[in-house]
Structures are given as structure tokens and as C-alpha cells.
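Here is upload.cif, consisting of mmCIF, C-alpha atoms, pLDDT in the B column; chains and numbers go by the auth columns:
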data_entry
#
loop_
_atom_site.group_PDB
_atom_site.id
_atom_site.type_symbol
_atom_site.label_atom_id
_atom_site.label_comp_id
_atom_site.label_asym_id
_atom_site.label_seq_id
_atom_site.Cartn_x
_atom_site.Cartn_y
_atom_site.Cartn_z
_atom_site.B_iso_or_equiv
_atom_site.auth_seq_id
_atom_site.auth_asym_id
ATOM 1 C CA MET A 1 0.000 0.000 0.000 52.00 468 A
ATOM 2 C CA THR A 2 1.395 3.410 -0.979 62.00 469 A
ATOM 3 C CA TRP A 3 1.336 6.361 1.395 55.00 470 A
ATOM 4 C CA THR A 4 -1.183 8.156 -0.859 50.00 471 A
ATOM 5 C CA SER A 5 -3.649 5.262 -0.743 63.00 472 A
ATOM 6 C CA ALA A 6 -3.124 4.979 3.020 66.00 473 A
ATOM 7 C CA PHE A 7 -3.806 8.708 3.392 55.00 474 A
ATOM 8 C CA GLY A 8 -6.930 8.384 1.242 64.00 475 A
ATOM 9 C CA ARG A 9 -8.203 5.487 3.339 76.00 476 A
ATOM 10 C CA GLY A 10 -7.472 7.396 6.520 70.00 477 A
ATOM 11 C CA CYS A 11 -9.407 10.426 5.290 72.00 478 A
ATOM 12 C CA GLY A 12 -12.264 8.191 4.194 79.00 479 A
ATOM 13 C CA TRP A 13 -12.322 6.511 7.612 81.00 480 A
ATOM 14 C CA LEU A 14 -12.367 9.880 9.391 79.00 481 A
ATOM 15 C CA LEU A 15 -15.070 11.266 7.123 81.00 482 A
ATOM 16 C CA ASP A 16 -17.216 8.170 7.623 88.00 483 A
ATOM 17 C CA HIS A 17 -16.971 8.509 11.397 85.00 484 A
ATOM 18 C CA ILE A 18 -17.897 12.192 11.208 87.00 485 A
ATOM 19 C CA VAL A 19 -20.914 11.334 9.064 89.00 486 A
ATOM 20 C CA HIS A 20 -21.871 8.558 11.502 86.00 487 A
ATOM 21 C CA GLY A 21 -21.640 10.919 14.467 91.00 488 A
ATOM 22 C CA LEU A 22 -23.713 13.605 12.783 89.00 489 A
ATOM 23 C CA SER A 23 -26.269 11.000 11.718 90.00 490 A
ATOM 24 C CA LEU A 24 -26.788 9.993 15.334 88.00 491 A
ATOM 25 C CA THR A 25 -27.746 13.572 16.201 89.00 492 A
ATOM 26 C CA ARG A 26 -30.523 13.419 13.539 86.00 493 A
ATOM 27 C CA ILE A 27 -29.518 16.909 12.448 91.00 494 A
ATOM 28 C CA SER A 28 -31.137 18.072 9.228 93.00 495 A
ATOM 29 C CA PRO A 29 -28.780 17.921 6.224 94.00 496 A
ATOM 30 C CA ASN A 30 -30.131 21.330 5.211 95.00 497 A
ATOM 31 C CA VAL A 31 -28.902 22.725 8.527 95.00 498 A
ATOM 32 C CA LEU A 32 -25.428 21.325 7.803 94.00 499 A
ATOM 33 C CA THR A 33 -25.533 22.989 4.393 95.00 500 A
ATOM 34 C CA PHE A 34 -26.460 26.325 5.972 96.00 501 A
ATOM 35 C CA ILE A 35 -23.723 25.981 8.615 96.00 502 A
ATOM 36 C CA GLY A 36 -21.236 25.667 5.767 96.00 503 A
ATOM 37 C CA LEU A 37 -22.416 29.033 4.425 97.00 504 A
ATOM 38 C CA VAL A 38 -22.055 30.650 7.862 97.00 505 A
ATOM 39 C CA ILE A 39 -18.495 29.347 8.113 97.00 506 A
ATOM 40 C CA ASN A 40 -17.695 30.755 4.667 97.00 507 A
ATOM 41 C CA ILE A 41 -19.052 34.128 5.810 98.00 508 A
ATOM 42 C CA ILE A 42 -16.519 33.997 8.642 98.00 509 A
ATOM 43 C CA ALA A 43 -13.768 33.274 6.112 98.00 510 A
ATOM 44 C CA ALA A 44 -14.943 36.234 4.026 98.00 511 A
ATOM 45 C CA PHE A 45 -14.732 38.404 7.153 98.00 512 A
ATOM 46 C CA PHE A 46 -11.087 37.378 7.592 98.00 513 A
ATOM 47 C CA PHE A 47 -10.357 38.190 3.944 98.00 514 A
ATOM 48 C CA GLY A 48 -12.057 41.561 4.138 97.00 515 A
ATOM 49 C CA HIS A 49 -10.400 42.567 7.416 96.00 516 A
ATOM 50 C CA ALA A 50 -6.869 41.451 6.544 97.00 517 A
ATOM 51 C CA ASP A 51 -4.108 43.895 7.422 95.00 518 A
ATOM 52 C CA THR A 52 -3.485 46.198 4.483 92.00 519 A
ATOM 53 C CA THR A 53 0.293 45.979 4.887 92.00 520 A
ATOM 54 C CA ASP A 54 0.642 42.286 5.739 94.00 521 A
ATOM 55 C CA PRO A 55 -2.500 40.182 5.158 96.00 522 A
ATOM 56 C CA THR A 56 -0.695 36.866 5.688 96.00 523 A
ATOM 57 C CA ARG A 57 -2.150 36.018 9.104 96.00 524 A
ATOM 58 C CA MET A 58 -5.789 36.812 8.290 97.00 525 A
ATOM 59 C CA PHE A 59 -5.550 35.089 4.913 98.00 526 A
ATOM 60 C CA LEU A 60 -4.167 32.023 6.664 97.00 527 A
ATOM 61 C CA TYR A 61 -7.110 32.059 9.073 97.00 528 A
ATOM 62 C CA ALA A 62 -9.494 32.430 6.128 98.00 529 A
ATOM 63 C CA GLY A 63 -7.939 29.453 4.329 97.00 530 A
ATOM 64 C CA LEU A 64 -8.274 27.246 7.403 97.00 531 A
ATOM 65 C CA VAL A 65 -11.881 28.322 7.890 97.00 532 A
ATOM 66 C CA VAL A 66 -12.698 27.538 4.233 97.00 533 A
ATOM 67 C CA ILE A 67 -11.317 24.037 4.828 95.00 534 A
ATOM 68 C CA GLY A 68 -13.753 23.714 7.733 93.00 535 A
ATOM 69 C CA ALA A 69 -16.621 24.893 5.540 95.00 536 A
ATOM 70 C CA GLY A 70 -15.600 22.338 2.932 91.00 537 A
ATOM 71 C CA LEU A 71 -16.039 19.603 5.518 89.00 538 A
ATOM 72 C CA PHE A 72 -19.711 20.517 5.891 90.00 539 A
ATOM 73 C CA ASP A 73 -20.009 20.639 2.117 88.00 540 A
ATOM 74 C CA MET A 74 -18.732 17.051 1.962 87.00 541 A
ATOM 75 C CA VAL A 75 -20.880 15.595 4.728 91.00 542 A
ATOM 76 C CA ASP A 76 -24.337 17.099 4.176 92.00 543 A
ATOM 77 C CA GLY A 77 -25.217 14.807 1.274 91.00 544 A
ATOM 78 C CA ARG A 78 -23.686 11.782 2.984 91.00 545 A
ATOM 79 C CA VAL A 79 -25.655 12.461 6.152 93.00 546 A
ATOM 80 C CA ALA A 80 -28.846 12.850 4.092 93.00 547 A
ATOM 81 C CA ARG A 81 -28.292 9.417 2.557 91.00 548 A
ATOM 82 C CA ARG A 82 -27.342 7.873 5.898 92.00 549 A
ATOM 83 C CA ILE A 83 -30.530 9.021 7.656 91.00 550 A
ATOM 84 C CA ASN A 84 -32.712 8.598 4.550 91.00 551 A
ATOM 85 C CA GLN A 85 -33.522 12.298 4.171 91.00 552 A
ATOM 86 C CA VAL A 86 -32.534 12.741 0.525 92.00 553 A
ATOM 87 C CA THR A 87 -35.043 15.130 -1.041 93.00 554 A
ATOM 88 C CA VAL A 88 -35.388 17.096 -4.254 93.00 555 A
ATOM 89 C CA PHE A 89 -35.576 20.296 -2.223 95.00 556 A
ATOM 90 C CA GLY A 90 -32.369 19.336 -0.397 94.00 557 A
ATOM 91 C CA ALA A 91 -30.502 19.135 -3.700 92.00 558 A
ATOM 92 C CA PHE A 92 -31.949 22.491 -4.750 94.00 559 A
ATOM 93 C CA PHE A 93 -31.117 24.109 -1.405 96.00 560 A
ATOM 94 C CA ASP A 94 -27.559 22.759 -1.492 95.00 561 A
ATOM 95 C CA SER A 95 -27.019 24.223 -4.955 94.00 562 A
ATOM 96 C CA VAL A 96 -28.386 27.633 -3.962 95.00 563 A
ATOM 97 C CA ILE A 97 -26.287 27.803 -0.782 96.00 564 A
ATOM 98 C CA ASP A 98 -23.187 26.780 -2.741 94.00 565 A
ATOM 99 C CA ARG A 99 -23.665 29.810 -4.987 95.00 566 A
ATOM 100 C CA TYR A 100 -23.929 32.088 -1.963 96.00 567 A
ATOM 101 C CA SER A 101 -20.810 30.484 -0.469 95.00 568 A
ATOM 102 C CA ASP A 102 -18.894 31.151 -3.693 93.00 569 A
ATOM 103 C CA VAL A 103 -19.983 34.772 -3.859 96.00 570 A
ATOM 104 C CA VAL A 104 -19.338 35.567 -0.210 97.00 571 A
ATOM 105 C CA LEU A 105 -15.705 34.394 -0.380 97.00 572 A
ATOM 106 C CA PHE A 106 -14.996 36.531 -3.415 97.00 573 A
ATOM 107 C CA PHE A 107 -16.863 39.415 -1.806 97.00 574 A
ATOM 108 C CA GLY A 108 -14.432 39.245 1.109 98.00 575 A
ATOM 109 C CA LEU A 109 -11.516 39.461 -1.326 98.00 576 A
ATOM 110 C CA LEU A 110 -13.285 42.312 -3.122 97.00 577 A
ATOM 111 C CA VAL A 111 -13.421 44.266 0.142 97.00 578 A
ATOM 112 C CA TYR A 112 -9.740 43.588 0.840 98.00 579 A
ATOM 113 C CA TYR A 113 -8.505 44.744 -2.561 97.00 580 A
ATOM 114 C CA GLY A 114 -10.788 47.769 -2.320 97.00 581 A
ATOM 115 C CA ARG A 115 -9.261 48.683 1.043 97.00 582 A
ATOM 116 C CA ILE A 116 -5.726 48.573 -0.368 96.00 583 A
ATOM 117 C CA ASN A 117 -6.767 50.538 -3.484 96.00 584 A
ATOM 118 C CA ARG A 118 -5.857 47.812 -5.980 96.00 585 A
ATOM 119 C CA PHE A 119 -8.492 48.660 -8.584 96.00 586 A
ATOM 120 C CA ARG A 120 -7.201 46.113 -11.090 97.00 587 A
ATOM 121 C CA TYR A 121 -7.725 43.305 -8.588 97.00 588 A
ATOM 122 C CA VAL A 122 -11.120 44.652 -7.548 97.00 589 A
ATOM 123 C CA VAL A 123 -12.165 44.262 -11.197 98.00 590 A
ATOM 124 C CA LEU A 124 -10.468 40.845 -11.408 98.00 591 A
ATOM 125 C CA VAL A 125 -12.235 39.497 -8.312 98.00 592 A
ATOM 126 C CA ALA A 126 -15.568 40.839 -9.579 98.00 593 A
ATOM 127 C CA PHE A 127 -14.938 39.082 -12.894 98.00 594 A
ATOM 128 C CA VAL A 128 -14.075 35.816 -11.126 97.00 595 A
ATOM 129 C CA MET A 129 -17.238 36.153 -9.059 97.00 596 A
ATOM 130 C CA VAL A 130 -19.336 36.470 -12.218 97.00 597 A
ATOM 131 C CA THR A 131 -17.613 33.619 -14.061 97.00 598 A
ATOM 132 C CA SER A 132 -17.917 31.284 -11.064 95.00 599 A
ATOM 133 C CA LEU A 133 -21.669 31.834 -11.145 96.00 600 A
ATOM 134 C CA MET A 134 -21.759 31.409 -14.920 97.00 601 A
ATOM 135 C CA VAL A 135 -19.942 28.061 -14.691 96.00 602 A
ATOM 136 C CA SER A 136 -22.755 26.786 -12.495 94.00 603 A
ATOM 137 C CA TYR A 137 -25.525 28.518 -14.448 95.00 604 A
ATOM 138 C CA THR A 138 -24.446 27.217 -17.852 96.00 605 A
ATOM 139 C CA ARG A 139 -24.446 23.662 -16.554 95.00 606 A
ATOM 140 C CA ALA A 140 -27.839 24.029 -14.854 94.00 607 A
ATOM 141 C CA ARG A 141 -29.408 25.668 -17.914 94.00 608 A
ATOM 142 C CA ALA A 142 -27.872 23.164 -20.313 95.00 609 A
ATOM 143 C CA GLU A 143 -29.009 20.187 -18.245 94.00 610 A
ATOM 144 C CA ALA A 144 -32.562 21.513 -18.336 91.00 611 A
ATOM 145 C CA LEU A 145 -32.311 21.095 -22.113 91.00 612 A
ATOM 146 C CA ILE A 146 -30.013 18.147 -22.825 91.00 613 A
ATOM 147 C CA GLY A 147 -29.908 16.151 -19.589 89.00 614 A
ATOM 148 C CA SER A 148 -26.170 16.314 -18.835 92.00 615 A
ATOM 149 C CA CYS A 149 -23.452 18.939 -19.254 93.00 616 A
ATOM 150 C CA LYS A 150 -20.476 17.919 -17.139 90.00 617 A
ATOM 151 C CA VAL A 151 -17.820 19.196 -19.523 92.00 618 A
ATOM 152 C CA GLY A 152 -15.220 21.708 -18.410 90.00 619 A
ATOM 153 C CA PHE A 153 -12.629 21.653 -15.671 87.00 620 A
ATOM 154 C CA MET A 154 -13.309 24.537 -13.300 92.00 621 A
ATOM 155 C CA GLU A 155 -16.068 23.149 -11.091 91.00 622 A
ATOM 156 C CA ARG A 156 -16.719 24.345 -7.548 91.00 623 A
ATOM 157 C CA PRO A 157 -14.314 21.900 -5.817 91.00 624 A
ATOM 158 C CA GLU A 158 -11.453 23.109 -8.023 94.00 625 A
ATOM 159 C CA ARG A 159 -12.340 26.749 -7.273 95.00 626 A
ATOM 160 C CA ILE A 160 -12.395 26.099 -3.541 95.00 627 A
ATOM 161 C CA VAL A 161 -9.063 24.265 -3.605 94.00 628 A
ATOM 162 C CA LEU A 162 -7.455 27.150 -5.484 96.00 629 A
ATOM 163 C CA VAL A 163 -8.870 29.734 -3.070 97.00 630 A
ATOM 164 C CA ILE A 164 -7.584 27.681 -0.123 96.00 631 A
ATOM 165 C CA LEU A 165 -4.111 27.449 -1.673 96.00 632 A
ATOM 166 C CA GLY A 166 -4.106 31.171 -2.388 97.00 633 A
ATOM 167 C CA ALA A 167 -5.109 31.963 1.187 97.00 634 A
ATOM 168 C CA LEU A 168 -2.726 29.553 2.919 97.00 635 A
ATOM 169 C CA PHE A 169 0.285 30.544 0.822 97.00 636 A
ATOM 170 C CA ASN A 170 -0.425 34.243 0.328 95.00 637 A
ATOM 171 C CA LYS A 171 2.798 34.956 2.228 92.00 638 A
ATOM 172 C CA TRP A 172 4.476 34.236 -1.110 94.00 639 A
ATOM 173 C CA GLY A 173 1.903 36.203 -3.104 93.00 640 A
ATOM 174 C CA VAL A 174 -0.029 33.168 -4.315 95.00 641 A
ATOM 175 C CA MET A 175 -3.535 34.669 -4.182 97.00 642 A
ATOM 176 C CA ALA A 176 -2.954 37.067 -7.091 96.00 643 A
ATOM 177 C CA PRO A 177 -1.975 34.366 -9.625 97.00 644 A
ATOM 178 C CA VAL A 178 -4.737 32.125 -8.267 97.00 645 A
ATOM 179 C CA LEU A 179 -7.294 34.782 -9.205 97.00 646 A
ATOM 180 C CA TRP A 180 -5.892 35.002 -12.738 97.00 647 A
ATOM 181 C CA VAL A 181 -6.036 31.211 -13.060 97.00 648 A
ATOM 182 C CA LEU A 182 -9.642 31.221 -11.837 97.00 649 A
ATOM 183 C CA ALA A 183 -10.569 33.971 -14.290 97.00 650 A
ATOM 184 C CA VAL A 184 -9.043 32.211 -17.284 97.00 651 A
ATOM 185 C CA LEU A 185 -10.097 28.619 -16.549 96.00 652 A
ATOM 186 C CA SER A 186 -13.629 29.590 -15.495 97.00 653 A
ATOM 187 C CA THR A 187 -14.076 31.525 -18.726 97.00 654 A
ATOM 188 C CA ILE A 188 -12.776 28.573 -20.745 96.00 655 A
ATOM 189 C CA THR A 189 -15.197 26.276 -18.899 96.00 656 A
ATOM 190 C CA VAL A 190 -18.157 28.555 -19.681 97.00 657 A
ATOM 191 C CA ILE A 191 -17.175 28.724 -23.366 97.00 658 A
ATOM 192 C CA HIS A 192 -16.715 24.937 -23.453 96.00 659 A
ATOM 193 C CA ARG A 193 -20.203 24.406 -22.026 96.00 660 A
ATOM 194 C CA ILE A 194 -21.740 26.846 -24.503 96.00 661 A
ATOM 195 C CA GLN A 195 -20.054 25.032 -27.392 96.00 662 A
ATOM 196 C CA TYR A 196 -21.050 21.631 -26.034 96.00 663 A
ATOM 197 C CA THR A 197 -24.667 22.669 -25.564 95.00 664 A
ATOM 198 C CA TYR A 198 -24.758 24.159 -29.058 95.00 665 A
ATOM 199 C CA SER A 199 -23.486 20.908 -30.552 94.00 666 A
ATOM 200 C CA LYS A 200 -26.158 18.942 -28.689 92.00 667 A
ATOM 201 C CA THR A 201 -29.068 21.264 -29.456 92.00 668 A
ATOM 202 C CA LYS A 202 -28.460 22.497 -33.017 87.00 669 A
ATOM 203 C CA HIS A 203 -30.439 19.597 -34.491 84.00 670 A
ATOM 204 C CA LEU A 204 -33.298 19.798 -31.992 76.00 671 A
ATOM 205 C CA ALA A 205 -36.626 21.406 -32.751 67.00 672 A
ATOM 206 C CA PRO A 206 -37.027 24.912 -31.287 70.00 673 A
ATOM 207 C CA ILE A 207 -38.789 25.246 -27.950 62.00 674 A
ATOM 208 C CA ALA A 208 -42.180 26.935 -28.147 56.00 675 A
ATOM 209 C CA GLN A 209 -42.191 30.358 -26.495 54.00 676 A
#
C-alpha cells encoding of this file:
Amino acid sequence: MTWTSAFGRGCGWLLDHIVHGLSLTRISPNVLTFIGLVINIIAAFFFGHADTTDPTRMFLYAGLVVIGAGLFDMVDGRVARRINQVTVFGAFFDSVIDRYSDVVLFFGLLVYYGRINRFRYVVLVAFVMVTSLMVSYTRARAEALIGSCKVGFMERPERIVLVILGALFNKWGVMAPVLWVLAVLSTITVIHRIQYTYSKTKHLAPIAQ
């Protein structure tokens, strides 16, 4: 067994025990989803209130908090299945809260770059915020028409991982290039989904208005 597979099994074991413990409390999966949003709001607060001369410490706190929020994002669906509370509304609610969680993190960064008068990065973060929503919207809209649209790389887990890396390693100026990567790859993903949906729908009959 390699160390990577051992680490994966260890994480799986820990996650399963967390899910088991939460299942025993009979807590609503929707509550877990909402708690994840609250934790992301705390992370956004750390981003927005980072020291204007040396944001390293507050960005580090924000990155750690986002990791905590990610834990709730991983367990809510598993808990729902464990306690047999999987619902259509739960899936809808999870998707909506995920969009708010995305926006609130970038809003925190927007506040920070506004406070240090970095207009270029204010615009960049705003652009990333829009494209992150468009990545999700294009998939949702496409799947209402063609059933499945899972093409493209920059999904929410990849965005969160990049934000975490940018926050944890901002001491070396990692957040700035992370934002450029998010801007470029999210845009490519949106374009890819538009092209894919066009290829799947161009031979279909028009939808009555």
C-alpha cells in the first residue's frame, strides 16, 4: 500500500466517522448545508479585514476556515443518505447555498482589494465572481435542455481548492496568480459548455415560447 492510498483510506475513515456521528444527532442535512455558508461568511470576514500591509495572518485564518466549511459541504449529502432524508428540495437548497458560499468568499476578497486601493484586482475578483456563477448557471441551464453537461474543468471543488491554496500561501503572493487562473479557466469552462450545448441542441426542434 502506498502512502497516498493509506492517506486516502485514513481520510475516508475519518469522514465516515464524522458522518456517523452527525447522523446519530438526527440533524437536518439542510442545517449542515447552511452551517457551511455561515463558516464561509466567517472566512470572508477574515479576507475583508486582513491587514493592508501584511495580510498573511488573516488570509491564513481564512484558508483554514474555508477548509472547515468544505467539511460541511462534503458531509451534508452523505448524512442525508445515511438518515434517509434525501429530497429534491435538499438538492436544490444545497445548490443555492453553494452559490452564496462562492460569492461571499470573493466578496471578502473584493473588500480587501478595495481597502488597499488595488483597482485592477477589484475588477479581477468581480470578474471571477461572475464567471464562477456562470460556470454553475451554464451547466444548470444546459441540463434543463439536454440532460447532462459535465464538460469543463473549473467546477466548484477546483475553485475552492485554489482559493484555499491562495489563502494559505499568500505569504508568497499566491492569491494574485490564483485569481488570474480562476478567471481564465472559469471563462474557458463557460465557453466549453456553450459550445457543447450548441453541438447537442443544433439539431433539436425549437422550444415553443
Hey, which of A:Tyr604, A:Phe501, A:Gly530, A:Arg493 ends up closest to Leu629 in chain A? Count all atoms listed in the file.
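Nearest candidate to Leu629 in chain A out of A:Tyr604, A:Phe501, A:Gly530, A:Arg493: A:Gly530.
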Using all atoms listed in the file, pick whichever of A:Ala536, A:Val553, A:Val602, A:Met541 has the shortest atom-to-atom distance to Arg566 in chain A.
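Smallest distance to Arg566 in chain A is found for A:Val602.
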Listed atoms of range 660-664 of chain A, axis-aligned box, 8 Å per side: centre and edge lengths to one decimal in Å, as JSON?
{"center_x": -22.4, "center_y": 24.2, "center_z": -24.7, "size_x": 20.6, "size_y": 21.2, "size_z": 21.4}
Residues within 8 Å of Ala547 in chain A, please, as JSON, numbers by chain. Count all atoms listed in the file; anything in the same chain fewer than 4 positions from it doesn't count.
{"A": [495, 496, 543, 551, 552, 553]}
Which residue out of A:Asn497, A:Ile661, A:Asn637, A:Ile534 has the minimum interatomic distance to Val555 in chain A when all atoms listed in the file are used?
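Result for the nearest residue to Val555 in chain A: A:Asn497.
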Which residue gives the smallest distance to Ala611 in chain A among A:Val657, A:Ser562, A:Ser599, A:Thr668, with all atoms listed in the file counted?
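Looking only at the distances to Ala611 in chain A, the closest residue turns out to be A:Thr668.
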Neighbourhood query: residues within 8 Å of (-3.9, 38.2, 6.1), file coordinates, counting only C-alpha atoms; return as a ChimeraX atom specification.
/A:513-514,516-518,521-528,637
The PyMOL selection byres ((chain A and resi 568) around 9) resolved against shown file, as JSON, numbers by chain:
{"A": [503, 504, 505, 506, 507, 508, 563, 564, 565, 566, 567, 569, 570, 571, 572, 573]}
Residue by residue, what does the PyMOL selection byres ((chain A and resi 650) around 10) grab here? Present the result as a ChimeraX atom specification.
/A:591-599,621,644-649,651-655
Selected residues written out, C-alpha atoms, as a tab-separated table (two decimals), in the coordinates of the input:
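Written file, again_19.tsv:
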chain	number	residue	atom	x	y	z
A	591	LEU	CA	-10.47	40.84	-11.41
A	592	VAL	CA	-12.24	39.50	-8.31
A	593	ALA	CA	-15.57	40.84	-9.58
A	594	PHE	CA	-14.94	39.08	-12.89
A	595	VAL	CA	-14.08	35.82	-11.13
A	596	MET	CA	-17.24	36.15	-9.06
A	597	VAL	CA	-19.34	36.47	-12.22
A	598	THR	CA	-17.61	33.62	-14.06
A	599	SER	CA	-17.92	31.28	-11.06
A	621	MET	CA	-13.31	24.54	-13.30
A	644	PRO	CA	-1.98	34.37	-9.62
A	645	VAL	CA	-4.74	32.12	-8.27
A	646	LEU	CA	-7.29	34.78	-9.20
A	647	TRP	CA	-5.89	35.00	-12.74
A	648	VAL	CA	-6.04	31.21	-13.06
A	649	LEU	CA	-9.64	31.22	-11.84
A	651	VAL	CA	-9.04	32.21	-17.28
A	652	LEU	CA	-10.10	28.62	-16.55
A	653	SER	CA	-13.63	29.59	-15.50
A	654	THR	CA	-14.08	31.52	-18.73
A	655	ILE	CA	-12.78	28.57	-20.74
CA of Gly515 in chain A to CA of Thr656 in chain A, distance in Å rounded to a single decimal:
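These atoms are spaced 27.8 Å apart.
Those DNA, RNA and protein residues that approach the point (-26.8, 16.4, 8.2) to within 10 Å, considering all atoms listed in the file, are Val486, His487, Gly488, Leu489, Ser490, Leu491, Thr492, Arg493, Ile494, Ser495, Pro496, Asn497, Val498, Leu499, Thr500, Phe539, Val542, Asp543, Gly544, Arg545, Val546, Ala547, Arg548, Arg549, Ile550 and Gln552 of chain A.
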By how many Å are CA of Gln662 in chain A and CA of Lys617 in chain A apart?
12.5 Å
As a tab-separated table (two decimals), in the frame of the given file, please: range 536-555 of chain A completed to N, CA and C atoms.
chain	number	residue	atom	x	y	z
A	536	ALA	N	-15.35	24.80	6.27
A	536	ALA	CA	-16.62	24.89	5.54
A	536	ALA	C	-16.73	23.77	4.52
A	537	GLY	N	-15.60	23.42	3.91
A	537	GLY	CA	-15.60	22.34	2.93
A	537	GLY	C	-16.00	21.01	3.55
A	538	LEU	N	-15.66	20.84	4.83
A	538	LEU	CA	-16.04	19.60	5.52
A	538	LEU	C	-17.56	19.47	5.55
A	539	PHE	N	-18.25	20.55	5.87
A	539	PHE	CA	-19.71	20.52	5.89
A	539	PHE	C	-20.27	20.28	4.49
A	540	ASP	N	-19.58	20.83	3.50
A	540	ASP	CA	-20.01	20.64	2.12
A	540	ASP	C	-19.90	19.17	1.70
A	541	MET	N	-18.92	18.46	2.29
A	541	MET	CA	-18.73	17.05	1.96
A	541	MET	C	-19.69	16.13	2.70
A	542	VAL	N	-20.11	16.53	3.89
A	542	VAL	CA	-20.88	15.60	4.73
A	542	VAL	C	-22.39	15.75	4.60
A	543	ASP	N	-22.89	16.91	4.14
A	543	ASP	CA	-24.34	17.10	4.18
A	543	ASP	C	-25.07	16.07	3.33
A	544	GLY	N	-24.57	15.81	2.12
A	544	GLY	CA	-25.22	14.81	1.27
A	544	GLY	C	-25.07	13.41	1.83
A	545	ARG	N	-23.90	13.12	2.41
A	545	ARG	CA	-23.69	11.78	2.98
A	545	ARG	C	-24.60	11.55	4.19
A	546	VAL	N	-24.76	12.59	5.01
A	546	VAL	CA	-25.66	12.46	6.15
A	546	VAL	C	-27.09	12.26	5.67
A	547	ALA	N	-27.48	12.99	4.62
A	547	ALA	CA	-28.85	12.85	4.09
A	547	ALA	C	-29.11	11.42	3.66
A	548	ARG	N	-28.12	10.81	2.99
A	548	ARG	CA	-28.29	9.42	2.56
A	548	ARG	C	-28.28	8.47	3.74
A	549	ARG	N	-27.45	8.77	4.74
A	549	ARG	CA	-27.34	7.87	5.90
A	549	ARG	C	-28.64	7.83	6.70
A	550	ILE	N	-29.31	8.99	6.84
A	550	ILE	CA	-30.53	9.02	7.66
A	550	ILE	C	-31.79	9.03	6.78
A	551	ASN	N	-31.59	8.72	5.49
A	551	ASN	CA	-32.71	8.60	4.55
A	551	ASN	C	-33.54	9.88	4.48
A	552	GLN	N	-32.84	11.02	4.33
A	552	GLN	CA	-33.52	12.30	4.17
A	552	GLN	C	-33.12	12.98	2.86
A	553	VAL	N	-32.86	12.18	1.84
A	553	VAL	CA	-32.53	12.74	0.52
A	553	VAL	C	-33.82	13.26	-0.10
A	554	THR	N	-33.85	14.53	-0.44
A	554	THR	CA	-35.04	15.13	-1.04
A	554	THR	C	-34.65	15.98	-2.24
A	555	VAL	N	-35.62	16.21	-3.11
A	555	VAL	CA	-35.39	17.10	-4.25
A	555	VAL	C	-35.08	18.51	-3.77
